[in-house]
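These notes concern the structure reproduced below.
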Amino acid sequence: MKVKTHKAASKRFHVTKRGKLLKRCAGQDHFNARDEGKITRKKRRDVTISKCYDRSLKKMIIT
């Protein structure tokens with residue numbers, strides 16, 4: 001049987017050329033007017049995922 005890509009995981013995470021996993025920073029959707037500029041700018045960047053989830057997530061995404 002063919003192994004399929006986990007679609008929910010593939011939409012939330014992406015793998016860089018060097019193999020790092022990135023995800024969107026949390027808390028970006030609403031209630032951002034109250035945040036100070038420093039936090040708003042920080043939320044624009046993607047966040048790297050810790051190494052303990054690396055293997056399982058890559059297995060879900062790259063098939």
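In the structure tokens, the first chain shown is A, the next is B, and so on; residue numbers restart at 1 for each chain, and ligands run from 1 in the order shown.
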
DSSP strand (DSSP E) selection over chain A, as a VMD selection string:
chain A and resid 13 to 15 21 to 24 46 to 48

Once you have the residues from the selection above, write them out as a PDB file, in the first residue's frame, restricted to N, CA and C atoms.
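Final output, saved to part.pdb:
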ATOM      1  N   PHE A  13       3.565  22.918   8.233  1.00  0.00           N
ATOM      2  CA  PHE A  13       5.021  22.897   8.349  1.00  0.00           C
ATOM      3  C   PHE A  13       5.673  22.825   6.985  1.00  0.00           C
ATOM      4  N   HIS A  14       6.875  23.392   6.873  1.00  0.00           N
ATOM      5  CA  HIS A  14       7.649  23.179   5.649  1.00  0.00           C
ATOM      6  C   HIS A  14       9.117  22.964   5.981  1.00  0.00           C
ATOM      7  N   VAL A  15       9.767  22.204   5.109  1.00  0.00           N
ATOM      8  CA  VAL A  15      11.155  21.812   5.322  1.00  0.00           C
ATOM      9  C   VAL A  15      12.051  22.697   4.474  1.00  0.00           C
ATOM     10  N   LEU A  21      12.772  22.193  10.037  1.00  0.00           N
ATOM     11  CA  LEU A  21      11.321  22.304   9.949  1.00  0.00           C
ATOM     12  C   LEU A  21      10.889  23.668  10.465  1.00  0.00           C
ATOM     13  N   LEU A  22      10.037  24.343   9.703  1.00  0.00           N
ATOM     14  CA  LEU A  22       9.548  25.658  10.090  1.00  0.00           C
ATOM     15  C   LEU A  22       8.031  25.659  10.157  1.00  0.00           C
ATOM     16  N   LYS A  23       7.495  26.499  11.051  1.00  0.00           N
ATOM     17  CA  LYS A  23       6.054  26.682  11.135  1.00  0.00           C
ATOM     18  C   LYS A  23       5.760  28.160  11.335  1.00  0.00           C
ATOM     19  N   ARG A  24       4.518  28.538  11.130  1.00  0.00           N
ATOM     20  CA  ARG A  24       4.093  29.910  11.310  1.00  0.00           C
ATOM     21  C   ARG A  24       4.029  30.232  12.802  1.00  0.00           C
ATOM     22  N   ASP A  46       9.020  32.901  10.657  1.00  0.00           N
ATOM     23  CA  ASP A  46       8.674  31.512  10.929  1.00  0.00           C
ATOM     24  C   ASP A  46       9.491  31.005  12.108  1.00  0.00           C
ATOM     25  N   VAL A  47       8.947  30.052  12.826  1.00  0.00           N
ATOM     26  CA  VAL A  47       9.581  29.494  14.013  1.00  0.00           C
ATOM     27  C   VAL A  47      10.126  28.113  13.679  1.00  0.00           C
ATOM     28  N   THR A  48      11.349  27.820  14.128  1.00  0.00           N
ATOM     29  CA  THR A  48      11.901  26.478  13.924  1.00  0.00           C
ATOM     30  C   THR A  48      11.322  25.527  14.964  1.00  0.00           C
TER      31      THR A  48
END

Could you find all residues in chain A that DSSP calls helix (DSSP H, G or I) from the backbone, and write them as a PyMOL selection string?
chain A and resi 7-12+37-43+51-61

Have a look at A:Ser10, A:Gln28, A:Thr5, A:Ser56 and name the one nearest to Lys43 of chain A; count only C-alpha atoms.
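For Lys43 of chain A, the nearest of the candidates is A:Gln28.
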